[in-house]
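A.B. asks: What follows is a structure written as C-alpha cells; I'll ask about it next.
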Amino acid sequence: MASDQENSQDANAPDDTSEKEITRGITIMKSIIRDRDKAVTYNVNWNADNQLIGSNAAKLASYIGTLVRMHIPITATRWSNKELGSAKDKIWTEILRSFNIEDTTIRKKYILQLAGKRHRGRRMGCFCSPKKRRKFQESECHKSRESVKSHVCIQKRLDETKSDATSLPPHVLWKEARVGKDGTVRDDVQHIYDECETLSQSISTAEDQENRSVLSRALNVPEYPGRVRGKGHGCTPTSLYKNPRRRNPSNQEVMETLQALQAQVLQLQKDNERYRCMEKCSSQLKETSEKASINCQNKFPEGISSCQLYLSSPTYRLVGKGKVHNTSGDLLHHRPLPDGHLKVSVDVVLDKDALLPIPDIVSETTFLRDAIGSFVAWPLDLIFIDDETPTKPASKDKGISRHNESVASQKEVFAQGSQQLSQKIGSRQKNKRDLPVTSLPKKGAFVPRYQISLETLVDSSDMATAGAIRLLDMEEDIFGYSCTETIGKEDLEHIFRHQELGVGVIHTYIRFLYDNFMRGNDQLSNRFRFVSSSLVNKALICREPDSCREYLVKRFMASSTNNLYLWPYNSGCHWLLLAIDPLKEVVYFLNSIDGEWTNYPDMKQLVDTSIKVFRSQRQARVPRTKSSNITWIKVQCPLQRNGIDCGYFVMRFMREIINMNQIEIPITYFDEYKCAHYTRLQLEQIKEELCQYFIEKRLII
C-alpha cells in the first residue's frame, strides 16, 4: 500500500525545469582518419593575407583541436615551451598526411598558432571558474561566428564586384560579420562603417600602418600588436602592409652597441672633466695675471712696438705677430677699447685656425687670418714684446741648483748661443716661418739647442710624415714589467710647440731619469720606483678598477725597504704627481693647479684600497687608530699659470725629488727648489734634457 502511494506521488511530481548544461562531447573526427587510411586528402585554400579559407577550413580547424588533445598534455602552461617541440612536430606531420598544405615555414607557423589557440581554449574550459569559462566560450563563439561570416562576405563581395582581389578592407569585413539573419544592419554598426569610409579617404596607407587602423580610429579603441582588427586569425601588420620584419639584434650586436655607448659616455666624461679643468686653470691664470701684472699697460713702451700674440684657449700658444699701439685715448674703429685690452695690428699669422679674442663686429671678422693688416683688440696678458718671454721674471726663483745638474746639462743645456748656432737659426728661420723664433738670439740668451737639432732631424726623416712612430723599450725595473712605448710625430710636435703632453712623452722622460740618475746607483734605484700611467689612469680606474688595484699591490710588494713610488696620474685633462710610501702608508699629493685630492675620489679610493691590501698581504700590524686612516699630504709645490704646463711640471717634480734623494717630501716643498711658479726657462731645461735624450738614443735616425 505504501509502495503504491509512493509510486503515485512520483507520477504526480512536476517535471524538473532547471537549466541543464548541454555539451556536444569530444570531437574525434573519425571521418578524416578513415579517409587518411584510404589515401584521401583534403584541399584547403588561402587568401592573400595567408588566412585559411574555403569549405575545408572548418574541418581542418576541428581536426587541429583533436590533435592537440591527443599530443599536448593539458598541464602544459606555456605553448612556447621548448619541451613541446616534438609534440608540435607530430601535429604538423599528421596534418600534412590528411590535408594538401605546402610544407613551408609560413604555413607551419599559422597551423601551430591555431593549435596554440585551441590549447588555451581547452585549458580555459578545465581550470577556470564557471563564470570566466562561460565568458571565454561566448567570446570564442563570437569570434568564430565573425570569422565564418567574414569569409562568406569575401566570396559574396568578390562575386558582386567581379574583382580578382582575394581580400577586403577590415571595416567591410567587420560590418558584414554583424549583419543579422534577415539581412538588416544595426544603426550603430552602420554609423561605424560610414565613419570608416570617411576616414579611409582622408588617411593614407602609411599613416594607417604606422599609427592606428581606420577601424580602430572609428571604434576609438587601442590597436593591439601582432594582429589587425577585423581581419581574423593569422593576419598581422607585417603580412597586411607588406613590411619587412625587423630582426632582433644578436647578442654580439647588442654588446657592440653597449661598448660603443660606454665609450661615448667615457669620452663625454673626459671632455666634461677637461672642460672643467681648463675653466679652472683659465680662472687661475686670470687671477694670477691680475695679481702679478705680468705685462700691465704701464709696462708697455709708449708708441708702437713689435709684439707676439698668444691665446690661452684651448691651449696656451703663439698664434701671430704684429704691432701693439700703446697710446692714450686710442680708439678702435671709433669705439673705446674694452678694459684690459690694447689695440694691435696683425702682421703675421702662425695659427690659421686661431680665433680672435674679441670678434670684429665692424668687418664681421672672427678668424685671426682674416684680420691681417687691420686693427683688433687683444688682451694685455697675452701680448708680449719681442724681446720678452711670456712668463713672469723669476728674480727670486732659485730653480735647479748648478751642483745638482749633470755635466751634460751644465755644458750643453745652459750654454750661450755661439755664432755658428746663430747662423743656423737664422737660416732655418728663412725656411720655416712658423718657428716661434723671431730673430737671432742675443748675447747671454737661452738657446734651445737640442730642440732645434731634434726638430731638424725630424724634418729630414720619415717622422715628418703623418703616422710615423718610434718604439722605445721600457725595462722591467722601470714599471715592474717589460713594455714598449710608442712615440709619434704628434708627441714631438707637442714638445716643440710647448703644448699639452701625452703619456708617451712622460714615460720617455721617466726612462731618461732612470738611465741618467738611477741606473748603476743602487741607492737611488732601491729608493725610487715608478708607476705606469698606461696601466693606471682615470679611464682604467673607472672601467677596470680591479686590474689597477692588482697592479699597484704587485708593484708595492716588490719593495723590500722603504720606497717612494712616483706615479704621474692623468685625470683625463690634467697631469699631477703622487709620491707613495706604501710601508709608512703616506701619500704625497703634488698638484700644479692648487687642487685638493678630494677632487679625484676614484684615484684616492684606489690608492687607499691598494695600500690596505698591501698591508694585509704583508701581514703588517697597524694600531687601531690608524687601521682605517692613510696619511695624505698636500705638498705646496710650484703652481702653473696656464692650462698646458701640467705635464712639464710633473716631469720637473720627479727630477727634483730624485735629485734630493729623500723619501720624505716637506709640506712646503724642498728649500732648494721652493718657488711660487716655474719660469719658462726652467721648463725649457726639462724639454732640452728630453730632446737631448732622443738624440743620444738615436730614436729618430
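Residues in the C-alpha cells are numbered from 1 in each chain, the chains being A, B, ... in the order shown, and ligands are numbered from 1 in the order shown.
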Any idea what's packed within 7 Å of A:Leu639, counting only C-alpha atoms, ignoring anything in its chain fewer than 4 positions away? Could you give it as a ChimeraX atom specification?

C.D. replies: /A:592-594,676-677

A.B. asks: Nearest to A:Lys343 among A:Thr609, A:Thr366, A:Gly329, A:Phe375, with distances taken over only C-alpha atoms: which residue is it?

C.D. replies: A:Phe375

A.B. asks: Write down as a list in words the residues of stretch 517-578 of chain A whose backbone DSSP state falls under alpha helix (DSSP H).

C.D. replies: Asp522, Gln523, Leu524, Ser525, Asn526, Arg527, Lys538, Ala539, Leu540, Ile541, Cys542, Arg543, Pro545, Asp546, Ser547, Cys548, Arg549, Glu550, Tyr551, Leu552, Val553, Lys554, Arg555, Phe556 and Met557 of chain A

A.B. asks: I'd like the contact shell of stretch 38-44 of chain A - 7 Å cut-off, only C-alpha atoms, skipping same-chain residues fewer than 2 positions apart - returned as a ChimeraX atom specification.

C.D. replies: /A:34-36,46,54,56-57,98-100

A.B. asks: Residues near A:Lys489, anyone? I mean within 10 Å using only C-alpha atoms, not counting same-chain ones fewer than 6 positions away, as a JSON list (two decimals) with all heavy atoms, in the first residue's frame.

C.D. replies:
```
[["chain", "number", "residue", "atom", "x", "y", "z"],
["A", 458, "VAL", "N", 113.90, 65.49, -37.23],
["A", 458, "VAL", "CA", 112.54, 65.03, -37.53],
["A", 458, "VAL", "C", 112.13, 65.45, -38.93],
["A", 458, "VAL", "O", 111.55, 64.66, -39.71],
["A", 458, "VAL", "CB", 111.55, 65.57, -36.48],
["A", 458, "VAL", "CG1", 110.11, 65.28, -36.90],
["A", 458, "VAL", "CG2", 111.82, 64.96, -35.12],
["A", 462, "ASP", "N", 111.75, 60.14, -41.84],
["A", 462, "ASP", "CA", 110.39, 59.72, -42.16],
["A", 462, "ASP", "C", 109.40, 60.13, -41.07],
["A", 462, "ASP", "O", 108.19, 60.00, -41.25],
["A", 462, "ASP", "CB", 110.34, 58.20, -42.34],
["A", 462, "ASP", "CG", 110.71, 57.46, -41.06],
["A", 462, "ASP", "OD1", 111.59, 57.96, -40.32],
["A", 462, "ASP", "OD2", 110.15, 56.39, -40.81],
["A", 463, "MET", "N", 109.88, 60.63, -39.93],
["A", 463, "MET", "CA", 108.99, 61.08, -38.87],
["A", 463, "MET", "C", 108.21, 62.32, -39.28],
["A", 463, "MET", "O", 107.24, 62.70, -38.63],
["A", 463, "MET", "CB", 109.77, 61.38, -37.59],
["A", 463, "MET", "CG", 110.24, 60.16, -36.84],
["A", 463, "MET", "SD", 108.87, 59.25, -36.09],
["A", 463, "MET", "CE", 108.46, 60.33, -34.74],
["A", 464, "ALA", "N", 108.65, 62.97, -40.38],
["A", 464, "ALA", "CA", 107.93, 64.15, -40.85],
["A", 464, "ALA", "C", 106.58, 63.79, -41.45],
["A", 464, "ALA", "O", 105.72, 64.66, -41.60],
["A", 464, "ALA", "CB", 108.78, 64.91, -41.87],
["A", 465, "THR", "N", 106.39, 62.53, -41.80],
["A", 465, "THR", "CA", 105.12, 62.10, -42.39],
["A", 465, "THR", "C", 104.14, 61.72, -41.28],
["A", 465, "THR", "O", 104.54, 61.26, -40.20],
["A", 465, "THR", "CB", 105.33, 60.89, -43.32],
["A", 465, "THR", "OG1", 105.90, 59.81, -42.56],
["A", 465, "THR", "CG2", 106.27, 61.27, -44.45],
["A", 466, "ALA", "N", 102.86, 61.89, -41.57],
["A", 466, "ALA", "CA", 101.84, 61.56, -40.58],
["A", 466, "ALA", "C", 101.77, 60.05, -40.37],
["A", 466, "ALA", "O", 101.87, 59.27, -41.31],
["A", 466, "ALA", "CB", 100.47, 62.09, -41.04],
["A", 467, "GLY", "N", 101.62, 59.65, -39.12],
["A", 467, "GLY", "CA", 101.51, 58.23, -38.79],
["A", 467, "GLY", "C", 102.81, 57.54, -38.47],
["A", 467, "GLY", "O", 102.82, 56.39, -38.04],
["A", 468, "ALA", "N", 103.96, 58.22, -38.70],
["A", 468, "ALA", "CA", 105.25, 57.61, -38.39],
["A", 468, "ALA", "C", 105.45, 57.54, -36.88],
["A", 468, "ALA", "O", 105.06, 58.44, -36.14],
["A", 468, "ALA", "CB", 106.39, 58.41, -39.03],
["A", 469, "ILE", "N", 106.06, 56.46, -36.41],
["A", 469, "ILE", "CA", 106.26, 56.26, -34.97],
["A", 469, "ILE", "C", 107.67, 55.73, -34.72],
["A", 469, "ILE", "O", 108.36, 55.25, -35.63],
["A", 469, "ILE", "CB", 105.22, 55.29, -34.38],
["A", 469, "ILE", "CG1", 105.33, 53.90, -35.05],
["A", 469, "ILE", "CG2", 103.82, 55.84, -34.51],
["A", 469, "ILE", "CD1", 104.47, 52.84, -34.40],
["A", 470, "ARG", "N", 108.07, 55.81, -33.46],
["A", 470, "ARG", "CA", 109.30, 55.19, -32.98],
["A", 470, "ARG", "C", 108.95, 54.42, -31.70],
["A", 470, "ARG", "O", 108.07, 54.83, -30.95],
["A", 470, "ARG", "CB", 110.37, 56.23, -32.68],
["A", 470, "ARG", "CG", 110.92, 56.92, -33.92],
["A", 470, "ARG", "CD", 111.69, 55.95, -34.80],
["A", 470, "ARG", "NE", 112.32, 56.63, -35.92],
["A", 470, "ARG", "CZ", 111.76, 56.81, -37.10],
["A", 470, "ARG", "NH1", 110.52, 56.36, -37.31],
["A", 470, "ARG", "NH2", 112.39, 57.43, -38.06]]
```

A.B. asks: Would you list the contacts of A:Phe614 as a ChimeraX atom specification, taking every protein, DNA or RNA residue within 10 Å and counting only C-alpha atoms, but skipping same-chain residues closer than 3 positions in sequence?

C.D. replies: /A:549-550,552-557,582-583,585,608-611,617-620

A.B. asks: Write out as a list of chain:residue names all residues of stretch 602-667 of chain A that backbone DSSP assigns to strand (DSSP E).

C.D. replies: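 Written out, the strand (DSSP E) residues of stretch 602-667 of chain A are A:Thr631, A:Trp632, A:Ile633, A:Lys634.
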
A.B. asks: Keeping only N, CA, C and O atoms, write the selected residues as a compact mmCIF listing (two decimals), in the first residue's frame.

C.D. replies:
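This is the output file result17.txt:
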```
# COMPACT_ATOMS: atom_id res chain seq x y z
N THR A 631 97.68 58.43 5.53
CA THR A 631 98.08 59.84 5.57
C THR A 631 98.25 60.38 4.17
O THR A 631 99.04 59.86 3.37
N TRP A 632 97.50 61.43 3.88
CA TRP A 632 97.64 62.16 2.62
C TRP A 632 98.20 63.55 2.94
O TRP A 632 97.67 64.25 3.79
N ILE A 633 99.26 63.93 2.24
CA ILE A 633 99.92 65.22 2.47
C ILE A 633 99.90 66.02 1.18
O ILE A 633 100.40 65.56 0.15
N LYS A 634 99.32 67.20 1.25
CA LYS A 634 99.32 68.09 0.09
C LYS A 634 100.57 68.96 0.15
O LYS A 634 100.75 69.78 1.05
```

A.B. asks: Residues within 7 Å of stretch 493-504 of chain A, please, as a list in words. Count only C-alpha atoms; anything in the same chain fewer than 2 positions from it doesn't count.

C.D. replies: Thr315, Gln451, Glu485, Thr486, Ile487, Lys489, Glu490, Asp491, Ile506, His507, Thr508, Ser533, Ile644, Asp645, Gly647 and Lys687 of chain A

A.B. asks: Would you put the residues from that selection into a file with N, CA and C atoms, as a CSV table (one decimal), in the first residue's frame?

C.D. replies:
```csv
chain,number,residue,atom,x,y,z
A,315,THR,N,94.5,75.9,-25.9
A,315,THR,CA,95.8,75.6,-25.4
A,315,THR,C,96.6,77.0,-25.4
A,451,GLN,N,116.4,71.2,-28.9
A,451,GLN,CA,115.1,71.2,-29.5
A,451,GLN,C,115.3,71.5,-31.0
A,485,GLU,N,107.2,51.6,-25.5
A,485,GLU,CA,106.5,52.9,-25.5
A,485,GLU,C,106.5,53.4,-27.0
A,486,THR,N,105.4,53.9,-27.4
A,486,THR,CA,105.3,54.4,-28.8
A,486,THR,C,105.4,56.0,-28.8
A,487,ILE,N,106.3,56.5,-29.6
A,487,ILE,CA,106.4,57.9,-29.8
A,487,ILE,C,106.1,58.3,-31.2
A,489,LYS,N,104.9,61.4,-34.2
A,489,LYS,CA,105.3,62.8,-34.6
A,489,LYS,C,104.5,63.8,-33.8
A,490,GLU,N,103.2,63.5,-33.4
A,490,GLU,CA,102.5,64.5,-32.7
A,490,GLU,C,103.1,64.7,-31.3
A,491,ASP,N,103.7,63.6,-30.7
A,491,ASP,CA,104.3,63.8,-29.4
A,491,ASP,C,105.5,64.8,-29.5
A,506,ILE,N,105.8,61.6,-21.2
A,506,ILE,CA,106.0,61.4,-19.8
A,506,ILE,C,106.8,60.2,-19.5
A,507,HIS,N,106.5,59.1,-20.1
A,507,HIS,CA,107.2,57.8,-19.9
A,507,HIS,C,108.6,57.9,-20.5
A,508,THR,N,108.8,58.6,-21.6
A,508,THR,CA,110.2,58.7,-22.1
A,508,THR,C,111.0,59.5,-21.1
A,533,SER,N,101.6,55.0,-16.0
A,533,SER,CA,100.4,55.8,-16.3
A,533,SER,C,99.5,55.1,-17.3
A,644,ILE,N,98.3,74.4,-19.8
A,644,ILE,CA,99.0,73.4,-20.6
A,644,ILE,C,100.3,72.9,-19.9
A,645,ASP,N,100.8,73.5,-18.9
A,645,ASP,CA,102.1,73.2,-18.3
A,645,ASP,C,102.2,72.1,-17.4
A,647,GLY,N,102.0,68.8,-17.5
A,647,GLY,CA,102.9,67.7,-17.8
A,647,GLY,C,104.4,68.1,-17.6
A,687,LYS,N,112.6,70.3,-21.3
A,687,LYS,CA,112.5,69.9,-22.7
A,687,LYS,C,113.8,69.7,-23.4
```

A.B. asks: Any idea what the distance is between atom CA of A:Asn526 and atom CA of A:Val587?

C.D. replies: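 Between these atoms lies a distance of 18.3 Å.
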
A.B. asks: How many Å lie between atom CA of A:Gln605 and atom CA of A:Met660, rounded to one decimal?

C.D. replies: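 These two atoms are separated by 29.1 Å.
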